[in-house]
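To start, the structure itself, in structure tokens.
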Amino acid sequence: MELRHIRYFLAVAEEMNFTRAAEKLCIAQPPLSRQIRDLEEELGVQLFLRKPHSLQLTDEGQVFRQYAVRVLDLVRRSEEDVREMQTGLHGVVYLATVEGHAPKLFSQWIAGFQRENPYVTYNLWNGNSDDVLNRLMKGLCELAIIMEPHNAEGVYSVPVYKEPWIAMIPDSCPLAKEPGDTVDFQQITDYDLIIPSRESRLQEITDWVASPEKELKIRCRMSHMLNAYELTRQNVGITLYPASVNIGTDASVCIKRLVNPSVTASYVLIWEKGRKLSHAAEQFLRYIQSQYAGISFP
């Protein structure tokens, strides 16, 4: 078994498609398929269930994937440590984040860290909290920012930012014409709503309703804020999102902070327990910690 077999296997395991994995690796698809079959023959097990239009990892494939990630992490770390003896900190830090204020946090941290470590590079992936957490647990990133609430086990979690919830209201709605920069949530419950797609968000918003008999009219659930903003512009409904969703200044959308209840959204930095971070990621985490003197990091 060679390192290329492990890299090829992980590429296929991530894409779950031989053609896409081959494109990612910049090789032809038939040689990639042969390499995976050679690996399976060497191990004496089937790593993938091959179906007409899909791939699926076998139980053996799931176990091998865990070891494969660790092997490549060790190889990368050894290369970084040797190189750093001559030229300073190198390496790639794999990050994942939700939308909202989180990209701003990562960009600020990267900018500050880069001034002292100019040879470090970054791979930054974006998705909703569930997707980001899933990516972390699969070993595809080292540090991530998600939003509470979450019930993730096996991760360290540190709060790094809070912001209020807002309502994005179509200008044609009567609530947009009321004075002030706040809106009572209980007034919104009679309107069609656009909310984040996470199931925990639906439960959280439902809990804000003063009357237990009141049923919210959820018109649309979205995972990306740009879609929600555009739907609001088209008068589909009132969008409820954390404040960083304010991505435009269109006169057809009125932004007001939610009150009754006055609620906040919390961003947390997470990383997996029991997994050794690369040297670059470890140093990056230490830099982040230095920016939060009043918060205890594990």
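Each chain in the structure tokens gets a letter, A, B and so on, in the order shown; residues start at 1 in every chain, and ligands are counted from 1 in the order they appear.
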
(message) Going by DSSP on the backbone, which residues of segment 42-274 of chain A come out as strand (DSSP E or B)? List them as a ChimeraX atom specification.
(response) /A:48-51,54-57,91-97,120-126,143-147,155-170,182-184,192-196,217-222,238-242,253-259,264-272

(request) Could you give me, as a list of chain:residue names, the residues within 7 Å of Ala228 of chain A, counting only C-alpha atoms and dropping anything in the same chain fewer than 6 positions from it? (result)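 Skipping anything fewer than 6 positions along the chain leaves A:Ile194, A:Met222, A:Thr239.
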
Dump of N, CA, C and O atoms for the selected residues, as a PDB file, in the first residue's frame:
ATOM      1  N   ILE A 194     -40.171  33.338   6.718  1.00  0.00           N
ATOM      2  CA  ILE A 194     -39.034  32.656   6.100  1.00  0.00           C
ATOM      3  C   ILE A 194     -37.995  32.485   7.194  1.00  0.00           C
ATOM      4  O   ILE A 194     -37.569  33.475   7.812  1.00  0.00           O
ATOM      5  N   MET A 222     -34.882  28.166   4.614  1.00  0.00           N
ATOM      6  CA  MET A 222     -33.722  28.351   3.754  1.00  0.00           C
ATOM      7  C   MET A 222     -32.432  28.106   4.520  1.00  0.00           C
ATOM      8  O   MET A 222     -32.338  28.360   5.713  1.00  0.00           O
ATOM      9  N   THR A 239     -38.553  37.544   6.853  1.00  0.00           N
ATOM     10  CA  THR A 239     -37.442  36.661   7.174  1.00  0.00           C
ATOM     11  C   THR A 239     -36.955  36.897   8.601  1.00  0.00           C
ATOM     12  O   THR A 239     -36.752  38.046   9.022  1.00  0.00           O
TER      13      THR A 239
END

Go through segment 129-216 of chain A residue by residue and, counting only C-alpha atoms, keep those with an atom at most 6 Å from segment 97-106 of chain A; for each kept residue give the shortest atom pair and its distance in Å to one decimal, ordered by chain and increasing number, as JSON lines.
{"residue": "A:Ser129", "atom": "CA", "partner": "A:Val98", "partner_atom": "CA", "distance": 5.9}
{"residue": "A:Ala144", "atom": "CA", "partner": "A:Thr97", "partner_atom": "CA", "distance": 5.4}
{"residue": "A:Ile145", "atom": "CA", "partner": "A:Thr97", "partner_atom": "CA", "distance": 4.8}
{"residue": "A:Ile146", "atom": "CA", "partner": "A:Val98", "partner_atom": "CA", "distance": 5.7}

(request) Assign secondary structure with DSSP using the backbone only, and return the residues of segment 10-255 of chain A in helix (DSSP H, G or I) as number ranges by chain. (result) A: 10-15, 18-25, 29-43, 59-87, 102-116, 129-137, 174-177, 185-188, 199-207, 225-233, 243-245

(request) Pick out the residues sitting within 8 Å of Trp271 of chain A, and hand them over as a list in words; count only C-alpha atoms, and ignore anything fewer than 3 positions along from it in its own chain. (result)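 What passes the distance filter is Leu136, Glu142, Leu143, Ala144, Val155, Tyr156 and Ser157 of chain A.
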
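Closest to Glu79 of chain A among A:Val92, A:Met147, A:Leu202, A:Ala152 is A:Val92, based on only C-alpha atoms.
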
(message) Need the shell around Ala280 of chain A: protein/DNA/RNA residues with any atom at most 7 Å away, counting only C-alpha atoms. Skip same-chain ones fewer than 5 positions apart. Format as a PyMOL selection string?
(response) chain A and resi 89-93

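Straight-line separation from atom CA of Glu148 of chain A to atom CA of Arg198 of chain A: 10.7 Å.
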
(message) Just want the 12 Å neighbourhood of Ser296 of chain A, counted on only C-alpha atoms, with same-chain residues fewer than 2 positions away dropped. Output as a PyMOL selection string.
(response) chain A and resi 156-160+286+288-294+298

(request) Within 8 Å of Ile6 of chain A, counting only C-alpha atoms, which residues show up once you throw out same-chain ones fewer than 4 positions away? Write them as a list in words, please. (result)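 Everything that qualifies: Glu2, Leu10, Ala68 and Leu72 of chain A.
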
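The residue that comes closest to Glu282 of chain A, out of A:Ala176, A:Trp125, A:Ile188, A:Tyr94 and on the basis of only C-alpha atoms, is A:Tyr94.
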
(message) List as a count of residues only the protein and nucleic acid residues near Ala167 of chain A, meaning an atom at most 6 Å away when only C-alpha atoms are counted, but skip any in the same chain fewer than 6 places from it.
(response) 4

(message) Just the number, please: distance in Å from atom CA of Trp109 of chain A to atom CA of Leu269 of chain A, one decimal.
(response)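 One can read the atom CA of Trp109 of chain A to atom CA of Leu269 of chain A distance as 12.2 Å.
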
(message) Can you measure atom CA of Arg65 of chain A to atom CA of Leu47 of chain A for me? One decimal in Å is fine.
(response)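 Between atom CA of Arg65 of chain A and atom CA of Leu47 of chain A the gap works out to 9.2 Å.
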
(message) Restricting the calculation to only C-alpha atoms: of A:Phe64, A:Tyr267, A:Phe9, A:Phe297, which residue gets closest to His150 of chain A?
(response) A:Tyr267
